[in-house]
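One file, entry-v6.txt, carrying compact mmCIF, C-alpha atoms and all ligand atoms:
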```txt
# COMPACT_ATOMS: atom_id res chain seq x y z
CA ARG A 236 9.43 238.62 111.40
CA HIS A 237 8.74 242.06 109.79
CA LYS A 238 5.07 241.85 108.81
CA PHE A 239 5.09 245.43 107.48
CA TRP A 240 8.60 245.82 106.10
CA GLU A 241 8.36 242.51 104.20
CA THR A 242 5.66 244.15 102.04
CA GLN A 243 7.75 247.20 101.16
CA PRO A 244 10.16 247.85 98.26
CA VAL A 245 13.31 247.75 100.38
CA GLY A 246 16.27 245.38 100.35
CA GLN A 247 15.09 242.20 102.12
CA PHE A 248 17.27 240.14 104.47
CA LYS A 249 16.92 237.09 102.18
CA ASP A 250 18.58 239.07 99.37
CA VAL A 251 21.69 240.12 101.33
CA GLY A 252 24.74 239.01 99.39
CA ASP A 253 22.78 238.23 96.18
CA THR A 254 25.05 239.81 93.60
CA SER A 255 22.65 239.05 90.72
CA LEU A 256 20.27 241.81 91.85
CA PRO A 257 20.88 245.14 90.12
CA GLU A 258 21.59 248.38 91.98
CA GLY A 259 18.99 251.14 91.65
CA PRO A 260 15.18 251.43 91.96
CA ILE A 261 13.46 248.25 93.16
CA GLU A 262 10.03 249.16 91.69
CA ALA A 263 9.33 251.43 88.72
CA PRO A 264 7.19 254.54 89.43
CA THR A 265 3.46 254.03 88.86
CA PRO A 266 1.46 256.62 86.85
CA LEU A 267 0.49 259.50 89.18
CA SER A 268 -3.19 258.84 88.36
CA GLU A 269 -2.81 255.42 90.03
CA VAL A 270 -1.56 256.86 93.33
CA LYS A 271 -4.25 256.56 95.99
CA GLN A 272 -6.01 259.95 96.21
CA GLU A 273 -7.43 259.60 99.76
CA PRO A 274 -5.43 259.27 102.98
CA TYR A 275 -5.04 255.83 104.56
CA ASN A 276 -7.55 254.94 107.27
CA LEU A 277 -6.62 255.58 110.87
CA PRO A 278 -8.30 253.89 113.83
CA SER A 279 -11.64 255.73 114.20
CA LEU A 280 -10.65 257.82 117.25
CA TYR A 281 -7.88 259.58 115.30
CA GLU A 282 -7.58 262.00 112.38
CA TRP A 283 -4.81 263.24 110.07
CA VAL A 284 -3.61 266.84 110.27
CA THR A 285 -1.23 268.57 107.89
CA CYS A 286 1.03 270.69 110.09
CA ASP A 287 1.79 274.32 109.33
CA ILE A 288 5.12 274.46 111.11
CA ASN A 289 5.20 278.27 110.67
CA SER A 290 2.24 278.56 112.99
CA ASP A 291 3.50 278.97 116.57
CA GLU A 292 0.68 276.83 117.87
CA MET A 293 1.31 273.90 115.49
CA CYS A 294 5.06 274.13 115.96
CA ASN A 295 4.48 273.99 119.71
CA GLU A 296 2.32 270.87 119.39
CA VAL A 297 4.93 269.04 117.32
CA TYR A 298 7.69 270.23 119.63
CA THR A 299 5.83 269.03 122.73
CA LEU A 300 4.98 265.61 121.24
CA LEU A 301 8.63 265.05 120.34
CA ALA A 302 10.03 266.50 123.59
CA ASN A 303 7.93 264.01 125.58
CA ASN A 304 7.90 260.95 123.28
CA TYR A 305 10.78 260.96 120.79
CA VAL A 306 14.05 258.99 120.86
CA GLU A 307 15.63 257.98 124.18
CA ASP A 308 18.89 256.15 124.87
CA ASP A 309 18.78 252.45 125.81
CA GLU A 310 18.80 253.23 129.55
CA ASN A 311 16.08 255.93 129.28
CA MET A 312 18.34 258.55 130.85
CA PHE A 313 18.17 261.08 128.00
CA ARG A 314 15.62 262.07 125.36
CA PHE A 315 16.24 264.25 122.27
CA ASN A 316 14.88 267.74 122.70
CA TYR A 317 14.87 269.30 119.22
CA SER A 318 14.11 273.04 119.60
CA LYS A 319 11.23 274.72 117.74
CA GLU A 320 13.66 276.78 115.67
CA PHE A 321 15.51 273.57 114.80
CA LEU A 322 12.27 271.87 113.71
CA ARG A 323 11.36 274.83 111.48
CA TRP A 324 14.80 274.65 109.89
CA ALA A 325 14.77 270.86 109.51
CA LEU A 326 11.30 270.79 107.95
CA GLN A 327 11.54 273.76 105.57
CA PRO A 328 14.50 273.37 103.20
CA PRO A 329 14.23 274.72 99.62
CA GLY A 330 11.26 273.16 97.82
CA TYR A 331 9.72 271.60 100.95
CA PHE A 332 6.16 270.31 100.88
CA LYS A 333 3.84 271.26 103.72
CA SER A 334 1.82 268.11 102.89
CA TRP A 335 4.80 266.00 104.06
CA HIS A 336 4.53 267.34 107.66
CA ILE A 337 1.96 264.90 108.98
CA GLY A 338 0.38 264.80 112.41
CA VAL A 339 -2.25 262.57 113.97
CA ARG A 340 -4.74 264.00 116.48
CA VAL A 341 -7.31 262.50 118.81
CA LYS A 342 -10.63 263.57 117.20
CA THR A 343 -12.33 264.60 120.44
CA SER A 344 -9.54 266.38 122.36
CA LYS A 345 -7.48 267.44 119.27
CA LYS A 346 -4.35 266.35 121.17
CA MET A 347 -1.46 265.53 118.80
CA VAL A 348 -0.38 261.94 119.38
CA ALA A 349 1.80 261.06 116.39
CA PHE A 350 3.97 262.70 113.74
CA ILE A 351 6.09 261.84 110.69
CA SER A 352 7.82 264.15 108.22
CA GLY A 353 9.60 264.21 104.93
CA VAL A 354 11.68 266.84 103.15
CA PRO A 355 12.90 266.71 99.55
CA ALA A 356 16.59 266.12 98.85
CA LYS A 357 18.69 265.25 95.82
CA ILE A 358 20.83 262.29 96.83
CA ARG A 359 23.54 260.77 94.69
CA SER A 360 24.17 257.04 94.82
CA ARG A 361 27.37 256.28 92.88
CA ASP A 362 26.73 258.24 89.63
CA ASP A 363 22.92 258.31 89.90
CA VAL A 364 21.43 261.56 91.29
CA VAL A 365 17.94 260.78 92.60
CA ASN A 366 15.16 263.04 93.90
CA MET A 367 14.34 261.58 97.28
CA ALA A 368 12.46 262.29 100.48
CA GLU A 369 14.38 262.34 103.73
CA ILE A 370 12.04 260.86 106.34
CA ASN A 371 12.49 261.90 109.97
CA PHE A 372 10.71 262.57 113.29
CA LEU A 373 8.52 259.46 113.20
CA CYS A 374 6.96 259.50 116.65
CA VAL A 375 3.98 257.80 118.30
CA HIS A 376 2.89 258.89 121.78
CA LYS A 377 4.14 256.50 124.48
CA LYS A 378 0.57 255.48 125.36
CA LEU A 379 -0.19 254.43 121.75
CA ARG A 380 2.81 252.22 121.11
CA THR A 381 2.81 248.73 119.52
CA LYS A 382 -0.67 249.21 118.03
CA ARG A 383 0.65 249.19 114.43
CA LEU A 384 0.16 252.93 114.00
CA ALA A 385 3.71 253.37 112.65
CA PRO A 386 3.07 251.35 109.44
CA VAL A 387 0.02 253.55 108.68
CA MET A 388 2.10 256.70 109.23
CA ILE A 389 4.81 255.37 106.92
CA LYS A 390 2.30 254.39 104.21
CA GLU A 391 0.66 257.82 104.41
CA VAL A 392 3.92 259.75 104.08
CA THR A 393 4.86 257.43 101.20
CA ARG A 394 1.57 258.21 99.46
CA ARG A 395 2.13 261.96 99.83
CA VAL A 396 5.71 261.63 98.57
CA HIS A 397 4.45 259.66 95.54
CA LEU A 398 1.91 262.45 94.82
CA GLU A 399 4.91 264.73 94.22
CA ASP A 400 6.30 262.17 91.75
CA ILE A 401 9.10 261.11 94.10
CA TRP A 402 9.69 257.36 94.54
CA GLN A 403 12.77 257.00 96.73
CA ALA A 404 13.60 257.96 100.31
CA ALA A 405 16.49 258.00 102.78
CA TYR A 406 16.18 257.59 106.54
CA THR A 407 18.16 256.53 109.60
CA ALA A 408 17.05 254.63 112.68
CA GLY A 409 18.53 253.10 115.79
CA VAL A 410 16.63 249.86 115.12
CA VAL A 411 17.55 247.18 112.60
CA LEU A 412 15.04 246.99 109.73
CA PRO A 413 15.26 245.37 106.27
CA THR A 414 18.02 246.30 105.42
CA PRO A 415 20.67 248.89 106.27
CA ILE A 416 22.88 250.26 103.49
CA ALA A 417 25.38 251.01 106.27
CA THR A 418 25.65 250.79 110.04
CA CYS A 419 27.39 253.65 111.79
CA GLN A 420 28.44 254.45 115.30
CA TYR A 421 28.30 257.65 117.33
CA TRP A 422 31.43 258.89 119.07
CA HIS A 423 31.36 261.45 121.88
CA ARG A 424 33.95 264.06 122.84
CA SER A 425 33.53 265.41 126.38
CA LEU A 426 33.69 269.20 126.63
CA ASN A 427 32.27 269.47 130.16
CA PRO A 428 33.39 266.17 131.70
CA LYS A 429 32.25 266.98 135.23
CA LYS A 430 28.63 267.53 134.16
CA LEU A 431 28.70 264.50 131.84
CA ILE A 432 29.83 262.31 134.72
CA ASP A 433 27.37 263.91 137.20
CA VAL A 434 24.39 263.19 134.92
CA GLY A 435 25.55 259.65 134.07
CA PHE A 436 26.37 260.35 130.42
CA SER A 437 29.93 259.16 131.00
CA ARG A 438 31.89 257.52 133.80
CA LEU A 439 35.18 258.30 135.42
CA GLY A 440 37.79 256.13 133.67
CA ALA A 441 39.80 253.49 135.49
CA ARG A 442 42.57 255.05 137.63
CA MET A 443 41.22 258.53 136.85
CA THR A 444 40.28 261.32 139.23
CA MET A 445 37.89 264.15 138.39
CA SER A 446 40.73 266.67 138.18
CA ARG A 447 42.82 264.43 135.88
CA THR A 448 39.73 263.93 133.71
CA ILE A 449 39.08 267.68 133.46
CA LYS A 450 42.73 268.20 132.50
CA LEU A 451 42.56 265.41 129.88
CA TYR A 452 39.68 267.13 128.05
CA LYS A 453 40.97 270.72 128.43
CA LEU A 454 41.04 272.71 125.19
CA PRO A 455 42.79 275.95 124.18
CA GLU A 456 40.82 279.17 124.84
CA SER A 457 40.77 280.14 121.17
CA THR A 458 41.06 278.52 117.74
CA VAL A 459 44.52 278.05 116.24
CA THR A 460 44.02 278.07 112.44
CA PRO A 461 44.83 281.45 110.79
CA GLY A 462 41.82 282.66 108.77
CA PHE A 463 39.33 280.49 110.72
CA ARG A 464 36.02 282.40 110.89
CA LYS A 465 32.26 282.02 110.87
CA MET A 466 30.65 281.37 107.46
CA GLU A 467 28.75 284.38 106.00
CA ILE A 468 26.14 284.70 103.24
CA HIS A 469 28.71 285.85 100.64
CA ASP A 470 30.60 282.58 101.21
CA VAL A 471 27.75 280.45 99.80
CA PRO A 472 29.19 280.04 96.26
CA ALA A 473 32.70 279.16 97.50
CA VAL A 474 31.39 276.76 100.17
CA THR A 475 29.10 275.11 97.62
CA ARG A 476 32.03 274.46 95.27
CA LEU A 477 34.18 273.16 98.13
CA ILE A 478 31.52 270.84 99.48
CA ARG A 479 30.32 269.50 96.11
CA ASN A 480 33.85 268.60 95.19
CA TYR A 481 34.46 266.95 98.57
CA LEU A 482 31.22 264.92 98.64
CA SER A 483 31.85 263.55 95.13
CA GLN A 484 34.23 260.95 96.62
CA PHE A 485 31.53 259.16 98.67
CA VAL A 486 29.22 256.40 97.40
CA VAL A 487 26.05 258.00 98.84
CA ALA A 488 25.92 261.76 99.46
CA PRO A 489 23.62 264.75 99.01
CA ASP A 490 23.87 266.72 95.78
CA PHE A 491 23.83 270.25 97.25
CA ASP A 492 23.29 273.39 95.17
CA GLU A 493 23.79 276.96 96.41
CA ASN A 494 20.23 277.18 97.76
CA ASP A 495 20.74 273.98 99.77
CA VAL A 496 24.05 275.23 101.15
CA GLU A 497 22.48 278.55 102.15
CA HIS A 498 19.68 276.72 103.95
CA TRP A 499 21.59 273.84 105.53
CA LEU A 500 24.95 275.45 106.26
CA LEU A 501 24.60 279.20 106.75
CA PRO A 502 24.86 279.70 110.55
CA LYS A 503 21.55 279.92 112.43
CA GLU A 504 21.87 280.62 116.12
CA ASP A 505 21.45 277.54 118.33
CA VAL A 506 20.55 275.48 115.25
CA VAL A 507 23.56 275.19 112.94
CA ASP A 508 27.10 276.57 113.24
CA SER A 509 29.52 276.75 110.32
CA TYR A 510 33.12 277.92 110.15
CA LEU A 511 35.57 278.10 107.31
CA VAL A 512 39.20 278.84 106.68
CA GLU A 513 39.84 281.78 104.36
CA SER A 514 43.47 281.75 103.32
CA PRO A 515 45.08 284.98 104.67
CA GLU A 516 47.16 285.15 101.44
CA THR A 517 44.82 284.17 98.61
CA HIS A 518 41.45 284.78 100.35
CA GLU A 519 40.31 281.44 99.00
CA VAL A 520 38.00 279.30 101.13
CA THR A 521 40.05 276.16 101.68
CA ASP A 522 38.37 274.34 104.59
CA PHE A 523 34.99 274.11 106.23
CA CYS A 524 33.41 272.60 109.34
CA SER A 525 29.90 272.60 110.77
CA PHE A 526 27.79 271.20 113.58
CA TYR A 527 24.12 271.28 114.53
CA THR A 528 22.63 271.83 117.98
CA LEU A 529 20.50 269.06 119.47
CA PRO A 530 20.10 269.14 123.24
CA SER A 531 18.76 266.18 125.19
CA THR A 532 16.48 266.32 128.20
CA ILE A 533 18.14 264.68 131.19
CA LEU A 534 15.47 262.48 132.73
CA GLY A 535 15.21 262.43 136.52
CA ASN A 536 18.38 264.24 137.58
CA PRO A 537 17.98 266.66 140.50
CA ASN A 538 20.80 268.99 139.42
CA TYR A 539 20.58 269.23 135.63
CA SER A 540 17.73 269.14 133.11
CA LEU A 541 19.42 269.70 129.73
CA LEU A 542 22.48 268.23 128.04
CA LYS A 543 23.80 270.64 125.42
CA ALA A 544 25.15 268.61 122.50
CA ALA A 545 26.77 269.62 119.19
CA TYR A 546 26.60 267.09 116.32
CA SER A 547 29.25 267.09 113.61
CA PHE A 548 27.58 267.88 110.25
CA TYR A 549 29.65 268.44 107.07
CA ASN A 550 33.41 269.03 107.24
CA VAL A 551 35.86 269.58 104.38
CA SER A 552 39.62 269.87 104.64
CA THR A 553 41.88 270.71 101.72
CA MET A 554 44.66 272.85 103.27
CA THR A 555 44.12 272.60 107.05
CA PRO A 556 44.63 269.07 108.37
CA LEU A 557 41.20 267.61 109.28
CA LEU A 558 42.49 266.92 112.79
CA GLN A 559 43.34 270.59 113.36
CA LEU A 560 40.11 271.79 111.73
CA MET A 561 38.02 269.55 114.00
CA ASN A 562 40.04 270.58 117.04
CA ASP A 563 39.09 274.18 116.21
CA ALA A 564 35.45 273.04 115.95
CA LEU A 565 35.77 271.54 119.44
CA ILE A 566 37.25 274.80 120.73
CA VAL A 567 34.34 276.86 119.36
CA ALA A 568 31.81 274.38 120.75
CA LYS A 569 33.50 274.64 124.16
CA GLN A 570 33.45 278.47 123.96
CA LYS A 571 29.71 278.23 123.22
CA ASP A 572 29.17 276.11 126.32
CA TYR A 573 28.24 272.77 124.74
CA ASP A 574 28.71 269.81 127.10
CA VAL A 575 29.58 267.24 124.43
CA PHE A 576 30.51 267.09 120.74
CA ASN A 577 29.15 264.04 118.89
CA ALA A 578 30.22 262.62 115.55
CA LEU A 579 29.38 259.56 113.46
CA ASP A 580 32.14 257.45 111.91
CA VAL A 581 30.98 258.59 108.43
CA MET A 582 33.11 260.29 105.73
CA GLN A 583 36.70 260.77 106.97
CA ASN A 584 35.73 261.12 110.62
CA GLU A 585 37.63 258.00 111.71
CA THR A 586 40.86 259.87 110.98
CA PHE A 587 40.34 262.24 113.92
CA LEU A 588 38.00 260.55 116.42
CA LYS A 589 40.54 258.69 118.57
CA GLU A 590 43.22 261.33 118.37
CA LEU A 591 40.82 264.09 119.46
CA LYS A 592 39.67 261.98 122.45
CA PHE A 593 36.24 260.98 121.21
CA GLY A 594 35.02 257.75 122.83
CA PRO A 595 32.70 255.22 121.13
CA GLY A 596 29.04 255.37 122.14
CA ASP A 597 26.76 252.43 122.69
CA GLY A 598 24.06 251.89 120.12
CA LYS A 599 24.33 252.12 116.36
CA LEU A 600 22.73 254.28 113.71
CA HIS A 601 21.53 252.38 110.64
CA TYR A 602 21.14 254.13 107.27
CA TYR A 603 18.38 253.05 104.88
CA LEU A 604 17.14 253.78 101.37
CA TYR A 605 13.51 253.12 100.33
CA ASN A 606 12.93 251.65 96.89
CA TYR A 607 16.61 251.78 95.96
CA ARG A 608 18.96 248.81 96.19
CA ILE A 609 22.64 249.11 96.98
CA ARG A 610 24.24 245.74 96.40
CA ASN A 611 26.69 245.37 99.26
CA GLY A 612 26.72 246.97 102.67
CA LEU A 613 28.71 250.17 102.59
CA LYS A 614 31.41 251.09 105.08
CA PRO A 615 30.59 254.17 107.18
CA SER A 616 33.52 255.91 105.46
CA GLU A 617 31.72 255.45 102.10
CA LEU A 618 28.76 257.50 103.34
CA GLY A 619 28.77 261.25 102.73
CA LEU A 620 25.32 261.87 104.22
CA VAL A 621 24.31 263.19 107.66
CA LEU A 622 20.61 263.25 108.55
CA LEU A 623 19.28 265.25 111.51
C1 LIG A 701 11.49 253.02 112.77
N1 LIG A 701 12.24 253.78 113.55
O1 LIG A 701 9.70 247.33 112.62
P1 LIG A 701 7.52 245.29 111.17
S1 LIG A 701 13.73 257.17 113.23
C2 LIG A 701 10.79 252.43 110.62
N2 LIG A 701 11.53 253.19 111.44
O2 LIG A 701 7.20 246.84 111.49
P2 LIG A 701 4.00 249.96 115.77
C3 LIG A 701 9.93 251.22 112.36
N3 LIG A 701 9.99 251.43 111.04
O3 LIG A 701 8.89 245.05 111.76
P3 LIG A 701 5.44 251.55 117.69
C4 LIG A 701 10.66 251.98 113.28
N4 LIG A 701 10.40 251.55 114.51
O4 LIG A 701 6.47 244.48 111.83
C5 LIG A 701 9.54 250.55 114.38
N5 LIG A 701 9.26 250.35 113.08
O5 LIG A 701 7.54 245.18 109.68
C6 LIG A 701 8.38 249.32 112.51
N6 LIG A 701 9.53 255.62 119.30
O6 LIG A 701 4.70 249.51 114.38
C7 LIG A 701 8.57 247.99 113.15
N7 LIG A 701 11.32 257.33 116.39
O7 LIG A 701 3.17 251.18 115.51
C8 LIG A 701 7.27 247.30 112.84
O8 LIG A 701 5.29 250.32 116.64
C9 LIG A 701 6.27 248.43 112.96
O9 LIG A 701 4.13 251.88 118.30
C10 LIG A 701 5.62 248.45 114.35
O10 LIG A 701 5.87 252.79 116.77
C11 LIG A 701 7.20 252.91 116.29
O11 LIG A 701 12.16 258.98 112.35
C12 LIG A 701 7.73 254.30 116.70
O12 LIG A 701 12.35 256.01 117.87
C13 LIG A 701 9.18 254.39 116.22
O13 LIG A 701 7.72 256.80 118.66
C14 LIG A 701 6.90 255.36 116.01
O14 LIG A 701 8.25 253.36 118.86
C15 LIG A 701 7.64 254.46 118.23
O15 LIG A 701 6.59 251.23 118.57
C16 LIG A 701 8.28 255.74 118.75
O16 LIG A 701 3.31 248.81 116.38
C17 LIG A 701 10.30 256.70 119.86
O17 LIG A 701 7.01 249.65 112.79
C18 LIG A 701 10.79 257.62 118.74
C19 LIG A 701 11.55 256.90 117.65
C20 LIG A 701 11.94 256.81 115.20
C21 LIG A 701 13.08 257.68 114.79
C22 LIG A 701 12.83 258.05 112.06
C23 LIG A 701 12.94 257.55 110.63
C24 LIG A 701 11.64 256.86 110.28
C25 LIG A 701 11.68 256.18 108.94
C26 LIG A 701 10.36 255.52 108.59
C27 LIG A 701 10.40 254.76 107.29
C28 LIG A 701 10.30 255.69 106.10
C29 LIG A 701 10.23 254.91 104.81
C30 LIG A 701 10.22 255.82 103.57
C31 LIG A 701 8.88 256.51 103.35
C32 LIG A 701 8.84 257.42 102.09
C33 LIG A 701 8.94 256.56 100.91
C34 LIG A 701 8.91 257.24 99.61
C35 LIG A 701 8.92 257.32 98.47
MG MG A 702 1.40 251.98 117.50
```

Take the structure from the file and write it as structure tokens.
Amino acid sequence: RHKFWETQPVGQFKDVGDTSLPEGPIEAPTPLSEVKQEPYNLPSLYEWVTCDINSDEMCNEVYTLLANNYVEDDENMFRFNYSKEFLRWALQPPGYFKSWHIGVRVKTSKKMVAFISGVPAKIRSRDDVVNMAEINFLCVHKKLRTKRLAPVMIKEVTRRVHLEDIWQAAYTAGVVLPTPIATCQYWHRSLNPKKLIDVGFSRLGARMTMSRTIKLYKLPESTVTPGFRKMEIHDVPAVTRLIRNYLSQFVVAPDFDENDVEHWLLPKEDVVDSYLVESPETHEVTDFCSFYTLPSTILGNPNYSLLKAAYSFYNVSTMTPLLQLMNDALIVAKQKDYDVFNALDVMQNETFLKELKFGPGDGKLHYYLYNYRIRNGLKPSELGLVLL
């Protein structure tokens, strides 16, 4: 069934429910001297390229490959359109390895036809903090699909991760592979219902008119929580404490330090937005919310070409009810002209989704760990991790 994945150190379908298997690494690390020193072989027309994402030209090539060939919805109406600034941010967190940004070119034309990337991350599973790679942006040009290029890309990134003495990875995918640690669902909150209906993202509900729909999704002009403001650089220590404490309750979550928080959560225009609540009395930072910007190309619509979407990232409530905090996040996203606000059912998100008029999406997002077994499937609410 899974000719490639059956050979890999991942939880296998035959082992689901086997409580005799221990949690933790599936294979022990091999000595670094035994890691293959040369890249895996590609079909002879192609060559590996290590991408310097700081170079405008390289960044453009990766951007264009993804913009034309990356993830689409089931009906092929939308395709993710990660911006160049977003890609630079996603690929260059503290301690990143350039060698983990891997392209494939056609030897003759030098056209980039495939890509895969990893970035380092400390991820905690129960009480075990593990250095991992987060693998993302696996993409093969549409004309080169189903030729078994993906397994070579995955083996090559694995080799380069091993060369840095890292033996575990985390990744998400829309497809079912051996075997998810959790299966999550996206929920969508309309901010610009007319456009969403016009482009076929959503449909007019039963017994609804356009004007009733617009009224249903109307939001206040400005946020309601006193002390709600944009995160600034001097907030990094307080936000780090807040978030570390919050994430400690989940079974699987990142182990962020101040450098990670500065990189992943300090606002970056049109990439990541973060807000916090500073108590007007004590000046303590008590609550936090964030979202990242990932537009989708609208395929074949005469009137619109881009869907502007915000994706819920990390949110922490201690004093402001999560429902009110997220409603303020919706208000800011609306002010900034996003069309839709998306959120997974991870962490405590289920407590606000229905009430804030999010609707369930079709399609699931499966979470995976490489070379690390988690005994039973986790509930989405046990996951404290959001990948881009
Ligand atoms: C996928 N998304 O099952 P079997 S998500 C992993 N993730 O292998 P071929 C995938 N594996 O089943 P194609 C996968 N999709 O025979 C397919 N596979 O064992 C497996 N789409 O390869 C599949 N991006 O080359 C099968 O398939 C084998 O030409 C078939 O290429 C696949 O970034 C793909 O959805 C996805 O560009 C590249 O369809 C292509 O179809 C494409 O014949 C549109 O491959 C874009 C898209 C995927 C987004 C993502 C996470 C990737 C995780 C990869 C796994 C990382 C493991 C950890 C490595 C580091 C370890 C350490 C330490
Ligand atoms: Mg292929």

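Here atom C16 of ligand LIG 701 (chain A) and CA of Thr381 in chain A stand 8.9 Å from one another.
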
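Taking only C-alpha atoms, the non-local environment of range 480-492 of chain A within 8 Å (same-chain residues fewer than 6 positions away omitted) comprises Ala356, Lys357, Ile358, Arg359, Ser360, Arg361, Val364, Val551, Met582, Ser616, Glu617, Leu618, Gly619 and Leu620 of chain A.
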
Could you list the protein, DNA and RNA residues that have any atom within 8 Å of ligand MG 702 (chain A), counting all atoms listed in the file, and write them as a compact mmCIF listing (two decimals) with C-alpha atoms, in the coordinates of the input?
```
# COMPACT_ATOMS: atom_id res chain seq x y z
CA VAL A 375 3.98 257.80 118.30
CA LEU A 379 -0.19 254.43 121.75
CA ARG A 380 2.81 252.22 121.11
CA THR A 381 2.81 248.73 119.52
CA LYS A 382 -0.67 249.21 118.03
CA ARG A 383 0.65 249.19 114.43
CA LEU A 384 0.16 252.93 114.00
CA ALA A 385 3.71 253.37 112.65
```

_Would you pick out the contacts of range 502-512 of chain A at 6 Å or less, using all atoms listed in the file, so that residues sharing its chain but fewer than 2 positions from it are not included, and give the list as a ChimeraX atom specification?_
/A:321,462-466,520-528

Can you list every residue of range 387-414 of chain A that has an atom at most 12 Å from range 246-261 of chain A, with its nearest atom pair and the distance in Å to one decimal, using only C-alpha atoms, ordered by chain then number, as CSV?
```
residue,atom,partner,partner_atom,distance
A:Ile401,CA,A:Pro260,CA,11.6
A:Trp402,CA,A:Pro260,CA,8.5
A:Gln403,CA,A:Pro260,CA,7.7
A:Ala404,CA,A:Pro260,CA,10.7
A:Val411,CA,A:Phe248,CA,10.8
A:Leu412,CA,A:Phe248,CA,8.9
A:Pro413,CA,A:Gln247,CA,5.2
A:Thr414,CA,A:Gly246,CA,5.4
```

*Quick one: everything within 12 Å of Lys346 in chain A, counting all atoms listed in the file, minus sequence neighbours fewer than 3 positions away in the same chain. Send it as a list in words.*
Leu280, Tyr281, Glu282, Trp283, Val284, Met293, Asn295, Glu296, Val297, Thr299, Leu300, Gly338, Val339, Arg340, Val341, Lys342, Thr343, Ala349, Phe350 and His376 of chain A

With a cut-off of 8 Å, could you pull out the residues of chain A touching ligand LIG 701 (chain A) and give me the nearest pair of atoms for each, distance in Å to one decimal, using only C-alpha atoms and all ligand atoms, ordered by chain and ascending number, as CSV?
```
residue,atom,partner,partner_atom,distance
A:Arg236,CA,A:LIG701,O3,6.5
A:His237,CA,A:LIG701,O5,3.3
A:Lys238,CA,A:LIG701,O5,4.2
A:Phe239,CA,A:LIG701,O5,3.3
A:Trp240,CA,A:LIG701,O5,3.8
A:Glu241,CA,A:LIG701,O5,6.2
A:Thr242,CA,A:LIG701,O5,7.9
A:Leu301,CA,A:LIG701,C18,7.9
A:Asn304,CA,A:LIG701,C17,6.0
A:Tyr305,CA,A:LIG701,C18,3.9
A:Val306,CA,A:LIG701,C18,4.1
A:Glu307,CA,A:LIG701,C17,7.0
A:Ala349,CA,A:LIG701,O13,7.6
A:Ile351,CA,A:LIG701,O11,6.9
A:Ser352,CA,A:LIG701,O11,7.9
A:Gly353,CA,A:LIG701,C32,7.4
A:Met367,CA,A:LIG701,C35,7.0
A:Ala368,CA,A:LIG701,C34,6.2
A:Glu369,CA,A:LIG701,C32,7.6
A:Ile370,CA,A:LIG701,C25,5.4
A:Asn371,CA,A:LIG701,O11,3.8
A:Phe372,CA,A:LIG701,O11,4.0
A:Leu373,CA,A:LIG701,O11,3.8
A:Cys374,CA,A:LIG701,O13,3.5
A:Val375,CA,A:LIG701,O13,3.9
A:His376,CA,A:LIG701,O13,6.1
A:Lys377,CA,A:LIG701,O13,6.8
A:Leu379,CA,A:LIG701,O9,6.1
A:Arg380,CA,A:LIG701,O9,3.1
A:Thr381,CA,A:LIG701,O16,3.2
A:Lys382,CA,A:LIG701,O16,4.3
A:Arg383,CA,A:LIG701,O16,3.3
A:Leu384,CA,A:LIG701,O7,3.8
A:Ala385,CA,A:LIG701,O7,3.6
A:Pro386,CA,A:LIG701,O17,5.4
A:Val387,CA,A:LIG701,O7,7.9
A:Ile389,CA,A:LIG701,C31,5.5
A:Lys390,CA,A:LIG701,C31,7.0
A:Val392,CA,A:LIG701,C32,5.8
A:Thr393,CA,A:LIG701,C32,4.1
A:Arg394,CA,A:LIG701,C34,7.4
A:Val396,CA,A:LIG701,C35,5.4
A:His397,CA,A:LIG701,C35,5.8
A:Ile401,CA,A:LIG701,C35,5.8
A:Trp402,CA,A:LIG701,C35,4.0
A:Gln403,CA,A:LIG701,C35,4.2
A:Ala404,CA,A:LIG701,C34,4.8
A:Ala405,CA,A:LIG701,C30,6.7
A:Tyr406,CA,A:LIG701,C23,5.2
A:Thr407,CA,A:LIG701,C23,5.4
A:Ala408,CA,A:LIG701,S1,4.2
A:Gly409,CA,A:LIG701,N1,6.7
A:Val410,CA,A:LIG701,N1,6.1
A:Val411,CA,A:LIG701,O1,7.9
A:Leu412,CA,A:LIG701,O1,6.1
A:Leu604,CA,A:LIG701,C30,7.5
A:Tyr605,CA,A:LIG701,C30,5.3
A:Asn606,CA,A:LIG701,C35,7.1
```

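The residue that comes closest to Pro615 in chain A, out of A:Asn276, A:Asn303, A:Asn536, A:Thr418 and on the basis of only C-alpha atoms, is A:Thr418.
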
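Note that the spacing between CA of Gly440 in chain A and CA of Phe576 in chain A amounts to 18.4 Å.
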
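Going from CA of Thr460 in chain A over to CA of Thr448 in chain A, you cover 25.9 Å.
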
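For the choices A:Asp309, A:Asp291, A:Asp400, A:Asp597, the atom-to-atom distance to Leu267 in chain A is smallest for A:Asp400 when using all atoms listed in the file.
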
*Any idea what's packed within 7 Å of Cys419 in chain A, counting only C-alpha atoms, ignoring anything in its chain fewer than 5 positions away? Could you give it as a count of residues only?*
7

*If we count all atoms listed in the file, what is near Lys571 in chain A at a cut-off of 10 Å, once residues fewer than 5 positions away on the same chain are taken out, given as a list in words?*
Asp505, Lys543, Ala545, Leu565 and Ile566 of chain A
